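File shown here: model30.csv, holding CSV, C-alpha atoms (C1' of nucleotides).
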```csv
chain,number,residue,atom,x,y,z
A,1,MET,CA,-21.5,7.5,-27.0
A,2,PRO,CA,-23.9,5.8,-29.3
A,3,ASN,CA,-26.7,3.7,-28.0
A,4,SER,CA,-25.8,3.9,-24.3
A,5,VAL,CA,-29.4,4.5,-23.4
A,6,PRO,CA,-32.0,3.9,-26.1
A,7,GLU,CA,-34.8,6.4,-25.9
A,8,VAL,CA,-37.8,4.4,-27.1
A,9,ALA,CA,-36.8,0.8,-27.9
A,10,GLU,CA,-39.1,-2.2,-28.4
A,11,GLU,CA,-36.7,-4.4,-26.3
A,12,ARG,CA,-35.8,-2.5,-23.2
A,13,LYS,CA,-33.4,-3.8,-20.7
A,14,LEU,CA,-33.7,-3.3,-16.9
A,15,ASN,CA,-30.9,-0.8,-16.7
A,16,ASP,CA,-32.7,1.4,-19.3
A,17,PHE,CA,-35.6,2.0,-17.0
A,18,PHE,CA,-35.4,5.4,-15.3
A,19,CYS,CA,-37.4,4.1,-12.4
A,20,PHE,CA,-34.8,1.4,-11.8
A,21,THR,CA,-32.0,3.9,-11.8
A,22,VAL,CA,-33.7,5.9,-9.1
A,23,TYR,CA,-34.7,2.8,-7.2
A,24,ARG,CA,-31.1,1.6,-7.0
A,25,THR,CA,-29.9,5.1,-6.1
A,26,THR,CA,-32.3,5.2,-3.2
A,27,HIS,CA,-30.9,1.9,-1.9
A,28,ALA,CA,-27.3,3.1,-2.4
A,29,ILE,CA,-28.0,6.2,-0.4
A,30,ASN,CA,-29.6,4.1,2.4
A,31,ARG,CA,-26.5,2.0,2.5
A,32,VAL,CA,-24.4,5.1,3.0
A,33,TYR,CA,-26.6,6.3,5.8
A,34,LYS,CA,-27.0,3.0,7.5
A,35,PRO,CA,-23.8,2.9,9.6
A,36,LEU,CA,-24.1,6.6,10.5
A,37,LEU,CA,-27.8,6.2,11.6
A,38,ASP,CA,-27.1,3.0,13.4
A,39,ALA,CA,-24.8,5.0,15.7
A,40,LEU,CA,-27.7,7.2,16.5
A,41,GLY,CA,-30.2,4.4,16.9
A,42,LEU,CA,-32.4,5.8,14.2
A,43,THR,CA,-33.8,4.4,11.0
A,44,TYR,CA,-33.7,6.6,7.9
A,45,PRO,CA,-37.4,7.7,8.0
A,46,GLN,CA,-37.1,8.3,11.7
A,47,TYR,CA,-34.1,10.5,11.0
A,48,LEU,CA,-36.1,12.5,8.4
A,49,VAL,CA,-38.8,13.1,11.0
A,50,MET,CA,-36.2,14.3,13.5
A,51,VAL,CA,-34.7,16.6,10.9
A,52,ALA,CA,-38.2,18.1,10.3
A,53,LEU,CA,-38.7,18.6,14.0
A,54,TRP,CA,-35.2,20.1,14.6
A,55,GLU,CA,-36.1,22.7,12.0
A,56,ARG,CA,-39.5,23.4,13.5
A,57,ASP,CA,-40.7,21.9,16.8
A,58,ASP,CA,-44.4,21.3,17.7
A,59,GLN,CA,-45.8,20.1,14.4
A,60,THR,CA,-49.0,18.2,14.0
A,61,VAL,CA,-49.0,14.7,12.5
A,62,GLY,CA,-50.7,16.0,9.4
A,63,GLY,CA,-48.2,18.9,9.1
A,64,LEU,CA,-45.2,16.5,9.3
A,65,GLY,CA,-46.9,14.2,6.8
A,66,GLN,CA,-47.3,17.0,4.3
A,67,LYS,CA,-43.6,17.8,4.5
A,68,LEU,CA,-42.5,14.2,4.3
A,69,SER,CA,-45.2,13.0,1.8
A,70,LEU,CA,-46.4,10.5,4.4
A,71,GLU,CA,-49.7,9.8,6.0
A,72,SER,CA,-50.8,8.9,9.5
A,73,ASN,CA,-50.8,5.2,8.7
A,74,THR,CA,-47.1,5.4,8.3
A,75,LEU,CA,-46.3,8.2,10.7
A,76,THR,CA,-48.3,7.2,13.8
A,77,PRO,CA,-46.4,4.0,14.4
A,78,LEU,CA,-43.1,5.6,13.6
A,79,LEU,CA,-43.8,8.5,16.0
A,80,LYS,CA,-44.8,6.1,18.7
A,81,ARG,CA,-41.4,4.4,18.3
A,82,LEU,CA,-39.6,7.7,18.5
A,83,GLU,CA,-41.7,8.5,21.6
A,84,ALA,CA,-40.8,5.2,23.1
A,85,LEU,CA,-37.1,6.0,22.5
A,86,GLY,CA,-37.7,9.2,24.5
A,87,HIS,CA,-37.0,11.6,21.6
A,88,LEU,CA,-40.4,13.2,21.4
A,89,LYS,CA,-43.9,13.6,23.0
A,90,ARG,CA,-47.3,13.2,21.4
A,91,THR,CA,-50.1,15.3,22.9
A,92,ARG,CA,-53.6,16.1,21.8
A,93,ASN,CA,-54.3,19.7,21.0
A,94,PRO,CA,-56.7,20.9,23.7
A,95,HIS,CA,-58.3,23.4,21.3
A,96,ASP,CA,-58.9,20.8,18.6
A,97,GLU,CA,-58.8,17.3,20.0
A,98,ARG,CA,-58.5,15.8,16.5
A,99,GLN,CA,-55.0,17.0,16.2
A,100,VAL,CA,-51.9,15.5,17.8
A,101,LYS,CA,-49.0,17.8,18.5
A,102,VAL,CA,-45.5,16.3,18.2
A,103,SER,CA,-42.8,18.0,20.2
A,104,LEU,CA,-39.2,17.2,21.0
A,105,THR,CA,-38.0,16.2,24.4
A,106,GLU,CA,-34.6,17.6,25.7
A,107,GLN,CA,-33.1,14.3,24.7
A,108,GLY,CA,-34.6,14.6,21.2
A,109,LYS,CA,-33.2,18.1,20.8
A,110,ALA,CA,-29.8,17.0,22.1
A,111,LEU,CA,-29.6,14.2,19.5
A,112,LYS,CA,-29.1,16.9,16.8
A,113,THR,CA,-25.6,17.6,18.1
A,114,ARG,CA,-24.6,14.0,17.2
A,115,THR,CA,-25.6,14.1,13.6
A,116,LYS,CA,-22.5,15.9,12.3
A,117,ALA,CA,-21.2,12.7,10.5
A,118,ALA,CA,-24.5,12.2,8.7
A,119,ARG,CA,-24.8,15.7,7.3
A,120,GLY,CA,-23.2,15.9,3.9
A,121,CYS,CA,-22.4,12.2,3.8
A,122,VAL,CA,-23.9,11.7,0.4
A,123,LEU,CA,-22.1,14.6,-1.1
A,124,GLU,CA,-18.8,13.3,0.3
A,125,ALA,CA,-19.4,9.7,-0.8
A,126,SER,CA,-20.5,10.9,-4.3
A,127,GLY,CA,-17.1,12.5,-4.9
A,128,MET,CA,-18.9,15.2,-6.9
A,129,GLU,CA,-18.3,18.9,-7.1
A,130,VAL,CA,-20.8,20.8,-4.9
A,131,LYS,CA,-22.0,22.8,-7.9
A,132,ASP,CA,-22.7,19.7,-9.9
A,133,PHE,CA,-24.3,17.9,-6.9
A,134,ARG,CA,-26.7,20.8,-6.3
A,135,ARG,CA,-27.6,21.1,-10.0
A,136,LEU,CA,-28.4,17.4,-10.1
A,137,GLN,CA,-30.5,17.8,-6.9
A,138,GLY,CA,-32.4,20.7,-8.5
A,139,GLU,CA,-33.2,18.8,-11.6
A,140,LEU,CA,-34.4,15.8,-9.6
A,141,ALA,CA,-36.7,18.2,-7.5
A,142,LEU,CA,-38.1,19.6,-10.7
A,143,LEU,CA,-38.8,16.1,-12.0
A,144,ARG,CA,-40.5,15.1,-8.7
A,145,ARG,CA,-42.8,18.1,-8.9
A,146,ALA,CA,-43.7,17.3,-12.5
A,147,LEU,CA,-44.5,13.7,-11.5
A,148,GLU,CA,-46.6,14.8,-8.5
A,149,ALA,CA,-48.5,17.2,-10.7
A,150,HIS,CA,-49.1,14.4,-13.2
A,151,SER,CA,-50.4,12.0,-10.5
A,152,ALA,CA,-52.6,14.7,-9.0
A,153,LEU,CA,-54.2,15.3,-12.4
A,154,ARG,CA,-54.9,11.6,-12.9
A,155,ALA,CA,-56.3,11.3,-9.4
A,156,GLU,CA,-59.0,13.9,-10.2
A,157,ALA,CA,-60.3,12.1,-13.3
B,1,MET,CA,-57.5,31.6,8.2
B,2,PRO,CA,-54.7,33.1,10.3
B,3,ASN,CA,-51.1,32.6,9.5
B,4,SER,CA,-51.6,30.7,6.3
B,5,VAL,CA,-48.2,31.8,4.9
B,6,PRO,CA,-45.8,28.8,5.3
B,7,GLU,CA,-42.3,29.2,6.8
B,8,VAL,CA,-40.4,28.9,3.6
B,9,ALA,CA,-37.0,29.3,5.1
B,10,GLU,CA,-37.5,26.4,7.5
B,11,GLU,CA,-38.9,24.1,4.8
B,12,ARG,CA,-35.9,24.8,2.6
B,13,LYS,CA,-33.6,23.2,5.2
B,14,LEU,CA,-35.3,19.8,4.9
B,15,ASN,CA,-35.3,20.1,1.1
B,16,ASP,CA,-31.6,20.8,1.3
B,17,PHE,CA,-31.1,17.1,2.0
B,18,PHE,CA,-30.2,15.3,-1.2
B,19,CYS,CA,-31.3,12.0,0.2
B,20,PHE,CA,-34.7,13.5,0.9
B,21,THR,CA,-35.0,14.7,-2.8
B,22,VAL,CA,-34.3,11.2,-4.0
B,23,TYR,CA,-36.6,9.7,-1.4
B,24,ARG,CA,-39.5,11.8,-2.5
B,25,THR,CA,-38.7,11.2,-6.2
B,26,THR,CA,-38.9,7.5,-5.6
B,27,HIS,CA,-42.3,7.8,-4.0
B,28,ALA,CA,-43.5,10.1,-6.8
B,29,ILE,CA,-42.4,7.5,-9.4
B,30,ASN,CA,-44.1,4.8,-7.5
B,31,ARG,CA,-47.3,6.8,-7.6
B,32,VAL,CA,-47.1,7.2,-11.3
B,33,TYR,CA,-46.6,3.5,-11.8
B,34,LYS,CA,-49.2,2.4,-9.3
B,35,PRO,CA,-52.4,2.7,-11.5
B,36,LEU,CA,-50.6,1.1,-14.5
B,37,LEU,CA,-49.3,-1.8,-12.5
B,38,ASP,CA,-52.6,-2.3,-10.7
B,39,ALA,CA,-54.0,-3.1,-14.1
B,40,LEU,CA,-51.4,-5.9,-14.5
B,41,GLY,CA,-51.9,-7.1,-10.9
B,42,LEU,CA,-48.2,-6.5,-10.1
B,43,THR,CA,-46.4,-4.6,-7.5
B,44,TYR,CA,-43.5,-2.4,-8.5
B,45,PRO,CA,-40.7,-4.8,-7.3
B,46,GLN,CA,-42.6,-7.7,-9.0
B,47,TYR,CA,-42.7,-5.7,-12.2
B,48,LEU,CA,-38.9,-5.2,-12.0
B,49,VAL,CA,-38.4,-8.9,-11.6
B,50,MET,CA,-40.6,-9.6,-14.6
B,51,VAL,CA,-38.7,-7.1,-16.7
B,52,ALA,CA,-35.5,-8.8,-15.7
B,53,LEU,CA,-37.0,-12.2,-16.8
B,54,TRP,CA,-38.3,-10.9,-20.0
B,55,GLU,CA,-34.8,-9.6,-20.7
B,56,ARG,CA,-33.4,-13.1,-19.9
B,57,ASP,CA,-35.4,-16.1,-18.9
B,58,ASP,CA,-34.1,-19.0,-16.7
B,59,GLN,CA,-32.1,-17.0,-14.1
B,60,THR,CA,-31.2,-18.2,-10.6
B,61,VAL,CA,-32.4,-16.4,-7.5
B,62,GLY,CA,-28.9,-15.2,-6.9
B,63,GLY,CA,-28.5,-13.9,-10.5
B,64,LEU,CA,-31.7,-12.0,-10.2
B,65,GLY,CA,-30.7,-10.6,-6.9
B,66,GLN,CA,-27.4,-9.3,-8.3
B,67,LYS,CA,-29.2,-7.5,-11.1
B,68,LEU,CA,-31.8,-6.0,-8.7
B,69,SER,CA,-29.5,-5.5,-5.7
B,70,LEU,CA,-31.8,-7.7,-3.6
B,71,GLU,CA,-31.1,-10.9,-1.6
B,72,SER,CA,-33.0,-14.1,-1.2
B,73,ASN,CA,-34.7,-12.8,2.0
B,74,THR,CA,-36.6,-10.4,-0.2
B,75,LEU,CA,-36.7,-12.3,-3.4
B,76,THR,CA,-37.8,-15.7,-2.3
B,77,PRO,CA,-41.2,-14.6,-0.9
B,78,LEU,CA,-41.7,-12.2,-3.9
B,79,LEU,CA,-40.9,-15.0,-6.4
B,80,LYS,CA,-43.3,-17.4,-4.5
B,81,ARG,CA,-46.1,-14.8,-5.0
B,82,LEU,CA,-45.3,-14.5,-8.7
B,83,GLU,CA,-45.3,-18.3,-8.9
B,84,ALA,CA,-48.7,-18.4,-7.2
B,85,LEU,CA,-50.0,-15.9,-9.7
B,86,GLY,CA,-48.9,-18.3,-12.4
B,87,HIS,CA,-46.3,-16.0,-14.0
B,88,LEU,CA,-43.2,-18.2,-13.3
B,89,LYS,CA,-41.9,-21.5,-12.1
B,90,ARG,CA,-39.2,-22.2,-9.5
B,91,THR,CA,-37.2,-25.4,-10.0
B,92,ARG,CA,-34.0,-26.7,-8.3
B,93,ASN,CA,-31.1,-27.1,-10.6
B,94,PRO,CA,-30.5,-30.9,-10.8
B,95,HIS,CA,-26.7,-30.4,-11.3
B,96,ASP,CA,-26.5,-28.2,-8.2
B,97,GLU,CA,-29.4,-28.6,-5.8
B,98,ARG,CA,-28.5,-25.4,-4.0
B,99,GLN,CA,-29.6,-23.3,-6.9
B,100,VAL,CA,-33.2,-22.5,-7.8
B,101,LYS,CA,-33.9,-21.6,-11.4
B,102,VAL,CA,-36.6,-19.1,-12.1
B,103,SER,CA,-38.4,-19.5,-15.5
B,104,LEU,CA,-41.3,-17.8,-17.1
B,105,THR,CA,-44.6,-19.6,-17.8
B,106,GLU,CA,-46.4,-18.9,-21.1
B,107,GLN,CA,-48.7,-16.6,-19.0
B,108,GLY,CA,-45.7,-14.8,-17.7
B,109,LYS,CA,-44.3,-14.3,-21.2
B,110,ALA,CA,-47.7,-13.1,-22.4
B,111,LEU,CA,-47.9,-10.5,-19.7
B,112,LYS,CA,-45.2,-8.5,-21.5
B,113,THR,CA,-47.6,-7.6,-24.3
B,114,ARG,CA,-49.8,-5.7,-21.7
B,115,THR,CA,-47.1,-3.4,-20.5
B,116,LYS,CA,-47.3,-0.8,-23.2
B,117,ALA,CA,-48.9,1.8,-21.0
B,118,ALA,CA,-46.2,1.3,-18.3
B,119,ARG,CA,-43.2,1.8,-20.6
B,120,GLY,CA,-42.1,5.3,-20.8
B,121,CYS,CA,-44.7,6.5,-18.3
B,122,VAL,CA,-42.1,8.4,-16.2
B,123,LEU,CA,-40.7,10.2,-19.3
B,124,GLU,CA,-44.2,11.1,-20.3
B,125,ALA,CA,-45.2,12.3,-16.9
B,126,SER,CA,-42.0,14.3,-16.4
B,127,GLY,CA,-42.8,16.5,-19.4
B,128,MET,CA,-39.0,16.6,-20.1
B,129,GLU,CA,-37.1,16.4,-23.4
B,130,VAL,CA,-35.8,12.9,-24.0
B,131,LYS,CA,-32.3,14.2,-24.2
B,132,ASP,CA,-32.4,15.9,-20.9
B,133,PHE,CA,-34.2,12.9,-19.3
B,134,ARG,CA,-31.5,10.5,-20.4
B,135,ARG,CA,-28.8,12.8,-19.3
B,136,LEU,CA,-30.3,13.1,-15.9
B,137,GLN,CA,-30.6,9.3,-15.8
B,138,GLY,CA,-26.9,8.9,-16.7
B,139,GLU,CA,-25.8,11.3,-14.0
B,140,LEU,CA,-27.9,9.5,-11.4
B,141,ALA,CA,-26.3,6.2,-12.5
B,142,LEU,CA,-22.9,7.6,-12.1
B,143,LEU,CA,-23.8,8.9,-8.6
B,144,ARG,CA,-25.1,5.5,-7.7
B,145,ARG,CA,-21.9,3.8,-8.7
B,146,ALA,CA,-19.9,6.2,-6.7
B,147,LEU,CA,-22.0,5.6,-3.6
B,148,GLU,CA,-21.8,1.8,-4.0
B,149,ALA,CA,-18.0,2.0,-4.4
B,150,HIS,CA,-17.9,4.1,-1.2
B,151,SER,CA,-20.0,1.7,0.8
B,152,ALA,CA,-18.0,-1.2,-0.5
B,153,LEU,CA,-14.8,0.4,0.7
B,154,ARG,CA,-16.2,1.1,4.1
B,155,ALA,CA,-17.5,-2.4,4.4
B,156,GLU,CA,-13.9,-3.8,4.0
B,157,ALA,CA,-12.4,-1.7,6.7
C,1,DT,C1',-79.9,23.5,16.9
C,2,DT,C1',-79.3,19.3,15.3
C,3,DG,C1',-78.0,16.0,11.7
C,4,DA,C1',-74.8,15.5,7.8
C,5,DA,C1',-70.4,16.3,6.0
C,6,DT,C1',-65.6,17.1,6.8
C,7,DT,C1',-61.3,16.7,9.1
C,8,DT,C1',-57.6,14.3,11.8
C,9,DA,C1',-55.5,10.3,13.7
C,10,DA,C1',-55.4,5.7,14.4
C,11,DT,C1',-55.9,0.8,13.1
C,12,DC,C1',-55.5,-3.2,10.0
C,13,DG,C1',-53.5,-6.0,6.4
C,14,DC,C1',-50.2,-6.9,2.8
C,15,DG,C1',-45.8,-6.6,0.6
C,16,DC,C1',-41.2,-5.0,0.4
C,17,DA,C1',-36.2,-4.3,2.5
C,18,DC,C1',-32.9,-6.1,5.3
C,19,DG,C1',-30.1,-8.0,9.3
C,20,DA,C1',-29.5,-12.3,11.5
C,21,DT,C1',-29.8,-17.0,11.3
C,22,DA,C1',-30.8,-21.7,9.5
C,23,DT,C1',-30.5,-25.5,6.3
C,24,DA,C1',-29.1,-28.0,2.6
C,25,DT,C1',-25.7,-28.8,-0.8
C,26,DC,C1',-21.3,-28.6,-2.8
C,27,DT,C1',-16.1,-28.0,-2.5
C,28,DT,C1',-11.6,-28.3,-0.5
C,29,DC,C1',-7.9,-30.5,1.3
C,30,DA,C1',-5.6,-32.7,5.3
D,1,DT,C1',-12.4,-40.2,2.9
D,2,DG,C1',-14.4,-37.1,5.8
D,3,DA,C1',-14.4,-32.9,8.4
D,4,DA,C1',-14.2,-28.0,7.6
D,5,DG,C1',-15.5,-24.3,4.9
D,6,DA,C1',-18.0,-22.1,1.2
D,7,DT,C1',-22.2,-21.4,-1.3
D,8,DA,C1',-27.3,-20.9,-2.4
D,9,DT,C1',-31.6,-20.4,-0.8
D,10,DA,C1',-35.0,-20.1,2.8
D,11,DT,C1',-36.9,-18.4,7.3
D,12,DC,C1',-37.7,-15.0,10.9
D,13,DG,C1',-38.4,-10.5,13.0
D,14,DT,C1',-38.7,-5.4,12.6
D,15,DG,C1',-39.9,-1.3,10.3
D,16,DC,C1',-41.6,1.2,6.6
D,17,DG,C1',-45.3,2.5,2.7
D,18,DC,C1',-49.8,2.6,1.6
D,19,DG,C1',-54.8,1.3,0.5
D,20,DA,C1',-58.9,0.7,3.1
D,21,DT,C1',-61.5,1.4,7.0
D,22,DT,C1',-62.7,3.3,11.7
D,23,DA,C1',-63.4,6.6,15.4
D,24,DA,C1',-63.7,10.9,17.3
D,25,DA,C1',-63.9,15.8,17.0
D,26,DT,C1',-65.3,19.8,14.5
D,27,DT,C1',-67.7,22.4,11.0
D,28,DC,C1',-71.5,23.3,8.1
D,29,DA,C1',-76.2,23.8,6.8
D,30,DA,C1',-81.1,23.1,6.7
```
Can I see the file as structure tokens?
Amino acid sequence: MPNSVPEVAEERKLNDFFCFTVYRTTHAINRVYKPLLDALGLTYPQYLVMVALWERDDQTVGGLGQKLSLESNTLTPLLKRLEALGHLKRTRNPHDERQVKVSLTEQGKALKTRTKAARGCVLEASGMEVKDFRRLQGELALLRRALEAHSALRAEA
Amino acid sequence: MPNSVPEVAEERKLNDFFCFTVYRTTHAINRVYKPLLDALGLTYPQYLVMVALWERDDQTVGGLGQKLSLESNTLTPLLKRLEALGHLKRTRNPHDERQVKVSLTEQGKALKTRTKAARGCVLEASGMEVKDFRRLQGELALLRRALEAHSALRAEA
DNA sequence: TTGAATTTAATCGCGCACGATATATCTTCA
DNA sequence: TGAAGATATATCGTGCGCGATTAAATTCAA
């Protein structure tokens, strides 16, 4: 297939931009998740926080932020909404009042049992073989780590 | 520092989510672009719109939206900001007053010459071989198309 | 031991993303 | 012709995502 994606061309079209490919893929994934998460009453970032808490309860805001690559300016309002929905509690750590501990309520724990439809929905919708799907995921994860390392280096200078 | 060894097994579960891999990759790409686009005074979506216009001038809002997978509720305010910056003009089509034609100003056209640093920044930061990079991009594009087809089918039902 | 530096969340403002809705214009056809 | 429907863009409200700043608690150091 000649010229399907020029490597370094003077005149680059939008579809040649790698960033745009990932950008649109993110939106496509969100649209797959949307109807499934609507049924749970969660947004996609809220779902990610719940997944993180189902895996390990009682995490600090900072700890969650590290896992999700988010900071308190994004997490605090999001966590307050999840608290208002009754899915979790936010309590100051009595041994270090700077920290806020995020812990699931019984309702929040119970919500996990209703996420069956959401698990694996992208794999299913992709129509891909599991092996290829996982390989693609692995390559993306490698790319992400390389980009983060690059940004971290630039931030130092 | 007690207990500094992270719970690797638990973190792996969150990282198992393909959506989360793409989500983080998007953010990592944005962080690579950020300093380069700051120098141009553009946000990342604004940059994408400018790329689309450099590729083809005089597009309608709807036409741009189709290329970018965005609708007027997102595009109209964004285009107004680019117009306020002096990069483009928005004019009603006299033959069909419903349409708004978006066209570059001389300043908007000239901006293209200052995007050298941004072009290929992800490839460079990735440290990947061009061939592998383009193959990964192609696979992602295929996945996106499959997901969009899936969502479109569901929307009909 | 106390004052400075560090750490942790929270707050604020701006710009996207998107569902729902509004408005104006154009098209269709009864 | 003119009323109904379709189309194109704009508006509004909510929730991220993030840079910048603030506030409070803790740690460090002179």
Write out as a tab-separated table a residue-level contact list of chain B versus chain C with cut-off 8 Å: for each qualifying residue the closest pair of atoms and the distance in Å to one decimal, counting all atoms listed in the file, rows sorted by chain and residue number upward.
```
residue	atom	partner	partner_atom	distance
B:Pro45	CA	C:DC16	C1'	7.7
B:Asn73	CA	C:DC18	C1'	7.7
B:Thr74	CA	C:DA17	C1'	6.7
B:Asp96	CA	C:DT25	C1'	7.5
B:Glu97	CA	C:DT25	C1'	6.2
B:Arg98	CA	C:DT25	C1'	5.4
```
Residue selection dump (C-alpha atoms) as an mmCIF file, keeping the file's coordinate frame:
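Ended up saving to again_20.cif:
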```
data_model
loop_
_atom_site.group_PDB
_atom_site.id
_atom_site.type_symbol
_atom_site.label_atom_id
_atom_site.label_comp_id
_atom_site.auth_asym_id
_atom_site.auth_seq_id
_atom_site.Cartn_x
_atom_site.Cartn_y
_atom_site.Cartn_z
ATOM 1 C CA PRO B 45 -40.700 -4.800 -7.300
ATOM 2 C CA ASN B 73 -34.700 -12.800 2.000
ATOM 3 C CA THR B 74 -36.600 -10.400 -0.200
ATOM 4 C CA ASP B 96 -26.500 -28.200 -8.200
ATOM 5 C CA GLU B 97 -29.400 -28.600 -5.800
ATOM 6 C CA ARG B 98 -28.500 -25.400 -4.000
#
```
Within 8 Å of chain B, which residues of chain A show up when using all atoms listed in the file, listed as a PyMOL selection string? chain A and resi 5+7-8+11-14+18-26+28-29+31-32+48+51-52+55-56+67-69+122+125-127+136-137+139-141+143-144+146-148+150-151
Residues of chain B within 8 Å of chain D, counting all atoms listed in the file, what are they? List them as an NGL selection string. :B and (61-62 or 72-73 or 76 or 98-100)
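When chain A is least-squares superimposed on chain B using all C-alpha positions, the deviation that remains is 4.9 Å RMSD.
With atom CA of B:Leu153 on one side and atom CA of A:Leu111 on the other, the separation reads 27.6 Å.
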